[in-house]
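The file entry_25.cif comes next; it holds mmCIF, C-alpha atoms.
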data_protein
#
loop_
_atom_site.label_atom_id
_atom_site.label_comp_id
_atom_site.auth_asym_id
_atom_site.auth_seq_id
_atom_site.Cartn_x
_atom_site.Cartn_y
_atom_site.Cartn_z
CA MET C 17 -28.82 -4.51 -7.16
CA GLU C 18 -28.84 -4.10 -10.91
CA PHE C 19 -27.45 -1.20 -12.94
CA SER C 20 -27.77 -0.45 -16.64
CA ALA C 21 -24.99 0.67 -18.96
CA LYS C 22 -26.73 4.04 -19.22
CA GLN C 23 -26.76 4.51 -15.43
CA ILE C 24 -23.11 3.48 -15.13
CA ALA C 25 -21.98 5.71 -17.98
CA THR C 26 -23.76 8.67 -16.41
CA PHE C 27 -22.05 8.04 -13.07
CA ILE C 28 -18.52 7.72 -14.49
CA GLN C 29 -19.06 10.14 -17.40
CA GLY C 30 -18.38 7.51 -20.05
CA GLU C 31 -19.39 6.94 -23.67
CA ILE C 32 -21.48 3.84 -24.46
CA VAL C 33 -20.65 1.66 -27.46
CA GLY C 34 -23.41 -0.94 -27.75
CA ASP C 35 -26.62 -1.58 -25.81
CA GLU C 36 -27.30 1.18 -23.28
CA ASN C 37 -29.92 -1.06 -21.63
CA ALA C 38 -27.47 -3.88 -20.87
CA THR C 39 -27.57 -4.60 -17.12
CA VAL C 40 -25.08 -5.95 -14.59
CA HIS C 41 -25.29 -7.04 -10.98
CA THR C 42 -21.72 -8.16 -10.20
CA PHE C 43 -18.04 -7.61 -11.02
CA ALA C 44 -15.62 -10.01 -12.73
CA LYS C 45 -12.11 -10.05 -14.19
CA ILE C 46 -12.23 -9.80 -17.96
CA GLU C 47 -10.83 -13.33 -18.42
CA GLU C 48 -13.51 -14.69 -16.06
CA GLY C 49 -16.41 -12.54 -17.25
CA ILE C 50 -19.93 -13.98 -17.05
CA PRO C 51 -23.31 -12.66 -18.23
CA GLY C 52 -24.52 -9.97 -15.84
CA ALA C 53 -20.99 -8.94 -14.85
CA ILE C 54 -19.03 -5.76 -15.53
CA SER C 55 -15.32 -6.08 -16.31
CA PHE C 56 -12.58 -3.67 -17.32
CA LEU C 57 -9.59 -3.53 -19.68
CA SER C 58 -6.68 -1.26 -18.83
CA ASN C 59 -3.62 -3.47 -19.33
CA PRO C 60 -2.86 -4.22 -23.03
CA LYS C 61 -1.68 -7.72 -22.03
CA TYR C 62 -5.34 -8.67 -21.50
CA THR C 63 -6.69 -7.27 -24.77
CA SER C 64 -7.29 -10.72 -26.30
CA TYR C 65 -9.84 -11.53 -23.59
CA ILE C 66 -12.19 -8.71 -24.61
CA TYR C 67 -13.11 -10.57 -27.82
CA GLU C 68 -14.19 -13.71 -25.95
CA THR C 69 -15.38 -12.45 -22.56
CA GLN C 70 -18.96 -13.23 -21.54
CA ALA C 71 -19.20 -10.07 -19.42
CA SER C 72 -22.17 -7.88 -20.29
CA ILE C 73 -20.30 -4.57 -19.92
CA VAL C 74 -16.58 -3.77 -20.20
CA LEU C 75 -14.91 -0.51 -19.23
CA VAL C 76 -12.17 0.52 -21.67
CA ASN C 77 -9.96 3.56 -22.18
CA LYS C 78 -11.09 6.07 -24.80
CA ASP C 79 -8.12 5.27 -27.05
CA PHE C 80 -9.09 1.58 -27.33
CA VAL C 81 -9.81 0.55 -30.93
CA PRO C 82 -11.21 -3.00 -31.37
CA GLU C 83 -9.67 -5.19 -34.08
CA GLN C 84 -12.68 -7.50 -34.33
CA GLU C 85 -16.28 -7.80 -33.17
CA ILE C 86 -17.00 -7.55 -29.45
CA LYS C 87 -20.18 -8.98 -27.94
CA ALA C 88 -20.06 -6.93 -24.74
CA THR C 89 -21.30 -3.36 -24.41
CA LEU C 90 -18.32 -1.03 -24.00
CA ILE C 91 -18.16 2.09 -21.87
CA LYS C 92 -15.26 4.30 -22.92
CA VAL C 93 -13.68 6.46 -20.19
CA ASP C 94 -10.49 8.44 -19.65
CA ASN C 95 -9.10 5.83 -17.25
CA ALA C 96 -10.78 2.42 -17.00
CA TYR C 97 -9.00 1.39 -13.79
CA GLU C 98 -9.90 4.65 -12.04
CA SER C 99 -13.52 4.34 -13.17
CA LEU C 100 -13.66 0.77 -11.85
CA ALA C 101 -12.47 2.05 -8.47
CA LYS C 102 -15.34 4.57 -8.42
CA LEU C 103 -17.86 1.83 -9.18
CA LEU C 104 -16.43 -0.48 -6.52
CA ASN C 105 -16.69 2.32 -3.97
CA LEU C 106 -20.30 2.91 -4.98
CA TYR C 107 -20.96 -0.82 -4.60
CA GLU C 108 -19.40 -0.88 -1.12
CA GLN C 109 -21.36 2.16 0.00
CA SER C 110 -24.62 0.60 -1.15
CA LYS C 111 -24.18 -2.37 1.20
CA PRO C 112 -26.21 -2.12 4.43
CA LYS C 113 -24.00 -1.29 7.42
CA ARG C 114 -24.34 -2.85 10.84
CA VAL C 115 -24.79 -0.56 13.83
CA GLY C 116 -25.05 -1.05 17.55
CA ILE C 117 -22.95 -2.40 20.40
CA ASP C 118 -22.98 -6.16 20.81
CA PRO C 119 -23.69 -7.37 24.37
CA LEU C 120 -20.44 -9.35 24.28
CA ALA C 121 -18.33 -6.24 23.60
CA PHE C 122 -16.67 -4.36 26.47
CA VAL C 123 -17.04 -0.58 26.47
CA ALA C 124 -15.70 1.34 29.46
CA GLU C 125 -18.21 3.61 31.17
CA THR C 126 -15.99 6.64 30.57
CA ALA C 127 -15.62 5.96 26.84
CA LYS C 128 -17.42 8.22 24.34
CA ILE C 129 -19.16 6.46 21.47
CA GLY C 130 -20.50 8.41 18.47
CA LYS C 131 -23.65 7.90 16.43
CA ASP C 132 -24.35 4.79 14.31
CA VAL C 133 -21.22 3.00 15.55
CA TYR C 134 -20.88 -0.79 15.30
CA ILE C 135 -18.91 -2.59 18.00
CA ALA C 136 -18.66 -6.35 17.46
CA PRO C 137 -18.49 -9.17 20.02
CA PHE C 138 -15.31 -9.26 22.13
CA ALA C 139 -14.10 -5.84 21.01
CA CYS C 140 -12.69 -3.77 23.87
CA ILE C 141 -12.93 0.01 24.28
CA GLY C 142 -10.79 1.35 27.12
CA GLU C 143 -11.26 4.10 29.67
CA TYR C 144 -11.77 7.59 28.24
CA ALA C 145 -11.39 6.34 24.68
CA GLU C 146 -13.42 8.06 21.95
CA VAL C 147 -15.00 6.51 18.85
CA GLY C 148 -16.41 8.76 16.12
CA ASP C 149 -19.67 8.50 14.17
CA ASN C 150 -20.28 5.64 11.70
CA THR C 151 -17.13 3.78 12.73
CA MET C 152 -17.10 -0.03 12.61
CA ILE C 153 -15.06 -2.03 15.13
CA HIS C 154 -14.82 -5.75 14.43
CA PRO C 155 -14.31 -8.69 16.84
CA HIS C 156 -11.33 -8.67 19.22
CA ALA C 157 -10.23 -5.18 18.18
CA THR C 158 -8.75 -3.30 21.15
CA ILE C 159 -8.78 0.45 21.66
CA GLY C 160 -6.60 1.52 24.57
CA SER C 161 -7.37 4.07 27.21
CA GLY C 162 -7.47 7.64 26.01
CA ALA C 163 -7.20 6.68 22.33
CA LYS C 164 -9.33 8.61 19.83
CA ILE C 165 -10.83 7.14 16.65
CA GLY C 166 -12.41 9.48 14.06
CA ASN C 167 -15.57 9.20 11.99
CA ASP C 168 -16.27 6.60 9.29
CA CYS C 169 -13.35 4.35 10.21
CA ILE C 170 -13.12 0.56 9.93
CA LEU C 171 -11.08 -1.45 12.42
CA TYR C 172 -10.96 -5.09 11.41
CA ALA C 173 -10.59 -8.08 13.72
CA ASN C 174 -7.64 -8.12 16.13
CA THR C 175 -6.59 -4.56 15.40
CA THR C 176 -4.81 -2.99 18.38
CA ILE C 177 -4.71 0.74 19.12
CA TYR C 178 -2.52 1.49 22.12
CA HIS C 179 -3.33 4.12 24.72
CA ASP C 180 -3.60 7.81 23.76
CA CYS C 181 -3.03 7.29 20.02
CA ARG C 182 -5.02 9.33 17.49
CA ILE C 183 -6.76 7.96 14.40
CA GLY C 184 -8.31 10.41 11.91
CA ASN C 185 -11.47 10.14 9.81
CA HIS C 186 -12.08 7.59 7.04
CA CYS C 187 -9.21 5.37 8.11
CA ILE C 188 -9.08 1.60 7.48
CA LEU C 189 -7.00 -0.65 9.75
CA HIS C 190 -6.71 -4.28 8.73
CA SER C 191 -6.52 -7.37 10.91
CA GLY C 192 -3.56 -7.69 13.23
CA CYS C 193 -2.10 -4.23 12.69
CA VAL C 194 -0.69 -2.55 15.80
CA ILE C 195 -0.74 1.20 16.24
CA GLY C 196 1.31 2.59 19.13
CA ALA C 197 3.46 -0.30 20.38
CA ASP C 198 6.67 0.84 22.08
CA GLY C 199 9.47 2.08 19.87
CA PHE C 200 12.65 0.00 19.93
CA GLY C 201 14.56 2.08 22.47
CA PHE C 202 17.17 0.60 24.82
CA ALA C 203 20.25 2.08 26.51
CA PRO C 204 23.29 -0.24 26.73
CA THR C 205 24.69 -0.70 30.25
CA PRO C 206 27.36 -3.02 31.65
CA GLU C 207 24.55 -5.31 32.86
CA GLY C 208 22.62 -5.36 29.58
CA TYR C 209 20.07 -3.10 27.92
CA GLU C 210 17.90 -0.74 29.95
CA LYS C 211 14.51 0.07 28.43
CA ILE C 212 13.87 3.70 27.52
CA PRO C 213 10.21 4.50 28.24
CA GLN C 214 8.32 5.44 25.09
CA ILE C 215 6.00 8.21 26.26
CA GLY C 216 4.93 9.61 22.89
CA ILE C 217 1.98 8.60 20.69
CA VAL C 218 1.05 7.75 17.09
CA ILE C 219 -1.07 10.07 14.95
CA LEU C 220 -2.77 8.78 11.81
CA GLU C 221 -4.38 11.57 9.81
CA ASP C 222 -7.47 11.23 7.60
CA ASN C 223 -7.87 8.63 4.83
CA VAL C 224 -4.98 6.45 5.96
CA GLU C 225 -5.10 2.70 5.31
CA ILE C 226 -2.88 0.28 7.26
CA GLY C 227 -2.39 -3.32 6.07
CA ALA C 228 -2.60 -6.54 8.04
CA ASN C 229 0.11 -7.12 10.65
CA THR C 230 1.73 -3.75 9.99
CA CYS C 231 3.21 -1.93 12.99
CA VAL C 232 3.47 1.81 13.57
CA ASP C 233 5.45 2.40 16.77
CA ARG C 234 4.76 5.19 19.24
CA ALA C 235 7.34 7.95 19.64
CA THR C 236 9.88 8.11 22.41
CA MET C 237 8.64 11.67 22.91
CA GLY C 238 6.22 13.61 20.72
CA ALA C 239 4.52 11.65 17.94
CA THR C 240 5.09 9.22 15.12
CA ILE C 241 3.00 10.80 12.35
CA VAL C 242 1.39 9.22 9.29
CA HIS C 243 -0.07 12.04 7.23
CA LYS C 244 -3.31 12.06 5.25
CA GLY C 245 -3.86 9.67 2.37
CA VAL C 246 -0.96 7.31 3.18
CA LYS C 247 -1.47 3.66 2.20
CA LEU C 248 0.67 1.00 3.88
CA ASP C 249 0.60 -2.62 2.72
CA ASN C 250 0.83 -5.69 4.97
CA LEU C 251 3.84 -6.48 7.19
CA ILE C 252 5.40 -3.01 7.23
CA GLN C 253 7.41 -1.56 10.12
CA VAL C 254 7.31 2.17 10.83
CA ALA C 255 9.58 2.93 13.77
CA HIS C 256 9.37 5.51 16.55
CA ASN C 257 9.34 9.22 15.68
CA ASP C 258 9.07 8.59 11.94
CA GLU C 259 7.02 10.97 9.82
CA ILE C 260 5.40 9.70 6.62
CA GLY C 261 4.33 12.40 4.14
CA ALA C 262 0.86 12.70 2.64
CA ASN C 263 -0.24 10.27 -0.08
CA THR C 264 2.86 8.09 0.16
CA VAL C 265 2.38 4.39 -0.58
CA MET C 266 4.49 1.40 0.49
CA ALA C 267 4.36 -2.23 -0.59
CA ALA C 268 4.73 -5.19 1.76
CA GLN C 269 7.69 -5.68 4.10
CA VAL C 270 9.08 -2.17 3.93
CA GLY C 271 11.05 -1.32 7.06
CA ILE C 272 11.82 2.23 8.22
CA ALA C 273 14.17 2.83 11.15
CA GLY C 274 13.54 5.52 13.75
CA SER C 275 13.41 9.31 13.39
CA THR C 276 13.28 9.25 9.58
CA LYS C 277 11.15 11.68 7.57
CA VAL C 278 9.58 10.48 4.33
CA GLY C 279 8.18 13.07 1.92
CA GLU C 280 4.84 13.30 0.13
CA TRP C 281 3.72 11.18 -2.85
CA CYS C 282 6.56 8.67 -2.47
CA MET C 283 6.29 5.07 -3.73
CA PHE C 284 8.31 2.26 -2.14
CA GLY C 285 8.43 -1.27 -3.57
CA GLY C 286 8.41 -4.42 -1.45
CA GLN C 287 11.15 -5.01 1.13
CA VAL C 288 12.68 -1.57 0.88
CA GLY C 289 14.84 -0.86 3.94
CA ILE C 290 15.48 2.69 5.13
CA ALA C 291 18.03 3.73 7.74
CA GLY C 292 17.19 5.93 10.71
CA HIS C 293 17.65 9.70 11.14
CA ILE C 294 17.57 10.49 7.42
CA HIS C 295 15.29 12.46 5.09
CA ILE C 296 13.58 11.12 1.97
CA GLY C 297 12.32 13.89 -0.34
CA ASN C 298 8.95 14.26 -2.05
CA LYS C 299 7.92 12.07 -5.01
CA VAL C 300 10.74 9.57 -4.49
CA ASN C 301 10.29 6.13 -6.09
CA LEU C 302 12.31 3.22 -4.68
CA GLY C 303 12.40 -0.16 -6.41
CA ALA C 304 11.87 -3.41 -4.50
CA GLN C 305 14.57 -4.45 -2.02
CA SER C 306 16.39 -1.12 -2.19
CA GLY C 307 18.52 -0.32 0.85
CA VAL C 308 18.72 3.38 1.73
CA PRO C 309 21.55 4.50 4.06
CA SER C 310 21.36 8.29 3.55
CA ASN C 311 19.22 11.23 2.43
CA ILE C 312 17.48 11.24 -0.97
CA LYS C 313 16.51 14.40 -2.84
CA ASP C 314 13.07 15.18 -4.27
CA GLY C 315 11.93 13.40 -7.42
CA SER C 316 14.53 10.62 -7.37
CA GLN C 317 13.77 7.26 -8.99
CA LEU C 318 16.22 4.75 -7.58
CA ILE C 319 16.80 1.04 -7.02
CA GLY C 320 19.45 -1.16 -5.41
CA THR C 321 21.72 -1.03 -2.35
CA PRO C 322 22.91 1.65 -2.08
CA PRO C 323 20.21 2.96 -4.43
CA MET C 324 21.23 4.25 -7.86
CA GLU C 325 19.55 5.59 -10.99
CA LEU C 326 17.52 2.97 -12.85
CA LYS C 327 19.64 3.01 -16.03
CA GLN C 328 22.86 2.71 -14.06
CA TYR C 329 21.42 -0.10 -11.94
CA PHE C 330 20.38 -2.24 -14.91
CA LYS C 331 23.74 -1.69 -16.61
CA ALA C 332 25.45 -2.82 -13.40
CA SER C 333 23.17 -5.87 -13.23
CA VAL C 334 24.18 -6.90 -16.75
CA ALA C 335 27.86 -6.44 -15.86
CA GLN C 336 27.39 -8.52 -12.69
CA ARG C 337 26.02 -11.45 -14.68
CA ASN C 338 29.16 -11.35 -16.84
CA LEU C 339 31.57 -11.38 -13.87
CA PRO C 340 32.38 -15.16 -14.02
CA ASP C 341 33.38 -14.91 -17.70
CA MET C 342 35.28 -11.68 -17.04
CA LEU C 343 37.17 -13.37 -14.19
CA THR C 344 38.11 -16.30 -16.42
CA GLU C 345 39.31 -13.90 -19.11
CA LEU C 346 41.30 -11.87 -16.58
CA ARG C 347 43.06 -14.99 -15.31
CA GLN C 348 43.91 -16.01 -18.86
CA LEU C 349 45.32 -12.55 -19.61
CA ARG C 350 47.43 -12.66 -16.44
CA LYS C 351 48.79 -16.06 -17.46
CA GLU C 352 49.69 -14.80 -20.94
CA LEU C 353 51.27 -11.65 -19.47
CA ASN C 354 53.44 -13.72 -17.11
CA GLU C 355 54.54 -15.92 -20.01
CA LEU C 356 55.52 -12.83 -22.04
CA LYS C 357 57.50 -11.45 -19.08
CA GLN C 358 59.38 -14.73 -18.77
CA GLN C 359 60.25 -14.73 -22.48
CA ILE C 360 61.47 -11.13 -22.29
CA ASN C 361 63.63 -11.92 -19.26
CA LYS C 362 65.25 -14.86 -21.10
#

structure tokens encoding of this file:
Amino acid sequence: MEFSAKQIATFIQGEIVGDENATVHTFAKIEEGIPGAISFLSNPKYTSYIYETQASIVLVNKDFVPEQEIKATLIKVDNAYESLAKLLNLYEQSKPKRVGIDPLAFVAETAKIGKDVYIAPFACIGEYAEVGDNTMIHPHATIGSGAKIGNDCILYANTTIYHDCRIGNHCILHSGCVIGADGFGFAPTPEGYEKIPQIGIVILEDNVEIGANTCVDRATMGATIVHKGVKLDNLIQVAHNDEIGANTVMAAQVGIAGSTKVGEWCMFGGQVGIAGHIHIGNKVNLGAQSGVPSNIKDGSQLIGTPPMELKQYFKASVAQRNLPDMLTELRQLRKELNELKQQINK
């Protein structure tokens, strides 16, 4: 499909600088732009590429002022990255969607399947499971007995939804993610560890996206809850009875121990580790590899283990790099002090 600059500008409410009849049919990074492609510039580090890109159209922020001639047609918008996201969503929605149940899929007789659903070869839908309208289930995905999947969801290959779990509308689950595996619950006994049955479920609310090989464990009792709009990257562990607040995002390899509550609009960098039975407030930002042993209040921006304010952390990092020299200096001062003591004693 081909779109003109005028059509695109109308859709994203942008201002055209150049040829309003310029057309595009694909997307490209600005440094790899080709004729017929639309690119974007939002990071100043890539500004030099806009003067040499071959892309036909480039989205830029309204405050962008060119320093030399640009061949491409520009569309000025409030936020180029956000506008690109809107166009990519439009592009995805324009693709034809597959529907129907493949003969090689297994669907239990008691399962309820909505309208315009796609179920790929070797997918498995268990007894009394429910799948909502327009949902796509890819090969080898497994939906356990009694589980419920909402409308307009996408379950990619090898996704596993355990029994009785609940998935909301417009959710995306990537390959290999597991929703509803047993929480890590064991009671120590003289003979070893006795398993504590995990009889709860997992609830994912609407517009949640779960990355590849991420695990959200079922609750011991009650529910592990991931609220609306949460986005989890690949290889994340959310333990039993956790509650993740709306619109929180987490980068890869975050680990959250059991019975912890995370607030709304939080942002966690990669490999953040959070202890169990604590409360993280709303709008908390944690830098990569932070280790959190206790509660954090709303609006905190922290990094490190234990986490500290950003300014304090970077000051401490500088001091840490100087420790070898400081140790050498301390030893020299001790030596000189001992020599002075000996002279005084004589």

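Among the candidates C:Gly196, C:Pro60, C:Gly162, C:Gly227, the one nearest to Ile252 (chain C) when counting all atoms listed in the file is C:Gly227.
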
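Between CA of Asp79 (chain C) and CA of Ala38 (chain C) the separation is 22.3 Å.
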
Quiz item: Which one of C:Val265, C:Gly148, C:Thr321, C:Tyr62 sits closest to Gly289 (chain C) if you count all atoms listed in the file?
Solution: C:Thr321

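Separating CA of Ser55 (chain C) from CA of Leu248 (chain C) is a distance of 26.7 Å.
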
Exercise. Identify all residues satisfying the PyMOL selection byres ((chain C and resi 190) around 6) in the given file; provide them as a ChimeraX atom specification.
Key: /C:172,189,191,227-228

Exercise. Write out as a VMD selection string each polymer residue whose atoms come within 7 Å of Ile241 (chain C), counting only C-alpha atoms; drop sequence neighbours fewer than 6 positions from it.
Key: chain C and resid 218 to 220 258 to 260

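Here CA of Asp249 (chain C) stands at a distance of 28.4 Å from CA of Ala121 (chain C).
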
Starting from the point (-1.0, 5.6, 1.7), work out which residues of protein, DNA or RNA have an atom no more than 9 Å away when counting only C-alpha atoms; state them as a PDB file with C-alpha atoms, keeping the file's coordinate frame.
ATOM      1  CA  ASN C 223      -7.870   8.630   4.830  1.00  0.00           C
ATOM      2  CA  VAL C 224      -4.980   6.450   5.960  1.00  0.00           C
ATOM      3  CA  GLU C 225      -5.100   2.700   5.310  1.00  0.00           C
ATOM      4  CA  ILE C 226      -2.880   0.280   7.260  1.00  0.00           C
ATOM      5  CA  VAL C 242       1.390   9.220   9.290  1.00  0.00           C
ATOM      6  CA  HIS C 243      -0.070  12.040   7.230  1.00  0.00           C
ATOM      7  CA  LYS C 244      -3.310  12.060   5.250  1.00  0.00           C
ATOM      8  CA  GLY C 245      -3.860   9.670   2.370  1.00  0.00           C
ATOM      9  CA  VAL C 246      -0.960   7.310   3.180  1.00  0.00           C
ATOM     10  CA  LYS C 247      -1.470   3.660   2.200  1.00  0.00           C
ATOM     11  CA  LEU C 248       0.670   1.000   3.880  1.00  0.00           C
ATOM     12  CA  ASP C 249       0.600  -2.620   2.720  1.00  0.00           C
ATOM     13  CA  GLY C 261       4.330  12.400   4.140  1.00  0.00           C
ATOM     14  CA  ALA C 262       0.860  12.700   2.640  1.00  0.00           C
ATOM     15  CA  ASN C 263      -0.240  10.270  -0.080  1.00  0.00           C
ATOM     16  CA  THR C 264       2.860   8.090   0.160  1.00  0.00           C
ATOM     17  CA  VAL C 265       2.380   4.390  -0.580  1.00  0.00           C
ATOM     18  CA  MET C 266       4.490   1.400   0.490  1.00  0.00           C
ATOM     19  CA  TRP C 281       3.720  11.180  -2.850  1.00  0.00           C
TER      20      TRP C 281
END

Practice problem: Tell me, as a ChimeraX atom specification, which residues lie within 9 Å of Val308 (chain C), counting only C-alpha atoms; anything in the same chain fewer than 5 positions away does not count. | Solution: /C:288-291,320-323

Around the point (-19.9, 12.0, -16.3), in the coordinates given by the file, pick out the residues reaching within 12 Å, counting only C-alpha atoms, and return them as a compact mmCIF listing (two decimals) with C-alpha atoms, keeping the file's coordinate frame.
# COMPACT_ATOMS: atom_id res chain seq x y z
CA LYS C 22 -26.73 4.04 -19.22
CA GLN C 23 -26.76 4.51 -15.43
CA ILE C 24 -23.11 3.48 -15.13
CA ALA C 25 -21.98 5.71 -17.98
CA THR C 26 -23.76 8.67 -16.41
CA PHE C 27 -22.05 8.04 -13.07
CA ILE C 28 -18.52 7.72 -14.49
CA GLN C 29 -19.06 10.14 -17.40
CA GLY C 30 -18.38 7.51 -20.05
CA GLU C 31 -19.39 6.94 -23.67
CA ILE C 32 -21.48 3.84 -24.46
CA ILE C 91 -18.16 2.09 -21.87
CA LYS C 92 -15.26 4.30 -22.92
CA VAL C 93 -13.68 6.46 -20.19
CA ASP C 94 -10.49 8.44 -19.65
CA SER C 99 -13.52 4.34 -13.17
CA LYS C 102 -15.34 4.57 -8.42

Atoms are missing here; could region 116-124 of chain C be completed with all heavy atoms and written as a PDB file, in the coordinates of the input?
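Output contents, as saved in rebuild18.pdb:
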ATOM      1  N   GLY C 116     -24.716  -0.566  16.220  1.00  0.00           N
ATOM      2  CA  GLY C 116     -25.050  -1.050  17.550  1.00  0.00           C
ATOM      3  C   GLY C 116     -23.859  -1.677  18.254  1.00  0.00           C
ATOM      4  O   GLY C 116     -22.852  -2.024  17.632  1.00  0.00           O
ATOM      5  N   ILE C 117     -24.000  -1.816  19.564  1.00  0.00           N
ATOM      6  CA  ILE C 117     -22.950  -2.400  20.400  1.00  0.00           C
ATOM      7  C   ILE C 117     -23.398  -3.787  20.830  1.00  0.00           C
ATOM      8  O   ILE C 117     -24.427  -3.949  21.476  1.00  0.00           O
ATOM      9  CB  ILE C 117     -22.678  -1.521  21.638  1.00  0.00           C
ATOM     10  CG1 ILE C 117     -22.245  -0.117  21.186  1.00  0.00           C
ATOM     11  CG2 ILE C 117     -21.609  -2.150  22.518  1.00  0.00           C
ATOM     12  CD1 ILE C 117     -22.085   0.865  22.334  1.00  0.00           C
ATOM     13  N   ASP C 118     -22.631  -4.783  20.453  1.00  0.00           N
ATOM     14  CA  ASP C 118     -22.980  -6.160  20.810  1.00  0.00           C
ATOM     15  C   ASP C 118     -22.860  -6.349  22.323  1.00  0.00           C
ATOM     16  O   ASP C 118     -21.948  -5.801  22.959  1.00  0.00           O
ATOM     17  CB  ASP C 118     -22.044  -7.124  20.080  1.00  0.00           C
ATOM     18  CG  ASP C 118     -22.523  -8.561  20.183  1.00  0.00           C
ATOM     19  OD1 ASP C 118     -22.249  -9.198  21.230  1.00  0.00           O
ATOM     20  OD2 ASP C 118     -23.177  -9.040  19.240  1.00  0.00           O
ATOM     21  N   PRO C 119     -23.754  -7.138  22.911  1.00  0.00           N
ATOM     22  CA  PRO C 119     -23.690  -7.370  24.370  1.00  0.00           C
ATOM     23  C   PRO C 119     -22.381  -8.005  24.829  1.00  0.00           C
ATOM     24  O   PRO C 119     -21.990  -7.865  25.993  1.00  0.00           O
ATOM     25  CB  PRO C 119     -24.869  -8.314  24.630  1.00  0.00           C
ATOM     26  CG  PRO C 119     -25.800  -8.104  23.485  1.00  0.00           C
ATOM     27  CD  PRO C 119     -24.946  -7.765  22.305  1.00  0.00           C
ATOM     28  N   LEU C 120     -21.700  -8.696  23.912  1.00  0.00           N
ATOM     29  CA  LEU C 120     -20.440  -9.350  24.280  1.00  0.00           C
ATOM     30  C   LEU C 120     -19.231  -8.437  24.132  1.00  0.00           C
ATOM     31  O   LEU C 120     -18.103  -8.847  24.403  1.00  0.00           O
ATOM     32  CB  LEU C 120     -20.242 -10.611  23.444  1.00  0.00           C
ATOM     33  CG  LEU C 120     -21.245 -11.739  23.700  1.00  0.00           C
ATOM     34  CD1 LEU C 120     -21.009 -12.897  22.756  1.00  0.00           C
ATOM     35  CD2 LEU C 120     -21.168 -12.212  25.148  1.00  0.00           C
ATOM     36  N   ALA C 121     -19.436  -7.208  23.670  1.00  0.00           N
ATOM     37  CA  ALA C 121     -18.330  -6.240  23.600  1.00  0.00           C
ATOM     38  C   ALA C 121     -18.144  -5.588  24.967  1.00  0.00           C
ATOM     39  O   ALA C 121     -19.083  -5.488  25.757  1.00  0.00           O
ATOM     40  CB  ALA C 121     -18.631  -5.184  22.542  1.00  0.00           C
ATOM     41  N   PHE C 122     -16.914  -5.118  25.246  1.00  0.00           N
ATOM     42  CA  PHE C 122     -16.670  -4.360  26.470  1.00  0.00           C
ATOM     43  C   PHE C 122     -16.413  -2.908  26.106  1.00  0.00           C
ATOM     44  O   PHE C 122     -15.507  -2.601  25.326  1.00  0.00           O
ATOM     45  CB  PHE C 122     -15.459  -4.882  27.248  1.00  0.00           C
ATOM     46  CG  PHE C 122     -15.099  -3.991  28.406  1.00  0.00           C
ATOM     47  CD1 PHE C 122     -15.815  -4.061  29.588  1.00  0.00           C
ATOM     48  CD2 PHE C 122     -14.076  -3.055  28.297  1.00  0.00           C
ATOM     49  CE1 PHE C 122     -15.519  -3.219  30.654  1.00  0.00           C
ATOM     50  CE2 PHE C 122     -13.769  -2.210  29.349  1.00  0.00           C
ATOM     51  CZ  PHE C 122     -14.489  -2.295  30.536  1.00  0.00           C
ATOM     52  N   VAL C 123     -17.208  -2.020  26.673  1.00  0.00           N
ATOM     53  CA  VAL C 123     -17.040  -0.580  26.470  1.00  0.00           C
ATOM     54  C   VAL C 123     -16.977   0.070  27.845  1.00  0.00           C
ATOM     55  O   VAL C 123     -17.931  -0.015  28.629  1.00  0.00           O
ATOM     56  CB  VAL C 123     -18.204   0.022  25.653  1.00  0.00           C
ATOM     57  CG1 VAL C 123     -18.004   1.531  25.490  1.00  0.00           C
ATOM     58  CG2 VAL C 123     -18.310  -0.648  24.290  1.00  0.00           C
ATOM     59  N   ALA C 124     -15.853   0.700  28.148  1.00  0.00           N
ATOM     60  CA  ALA C 124     -15.700   1.340  29.460  1.00  0.00           C
ATOM     61  C   ALA C 124     -16.751   2.439  29.648  1.00  0.00           C
ATOM     62  O   ALA C 124     -17.154   3.103  28.691  1.00  0.00           O
ATOM     63  CB  ALA C 124     -14.296   1.930  29.578  1.00  0.00           C
TER      64      ALA C 124
END
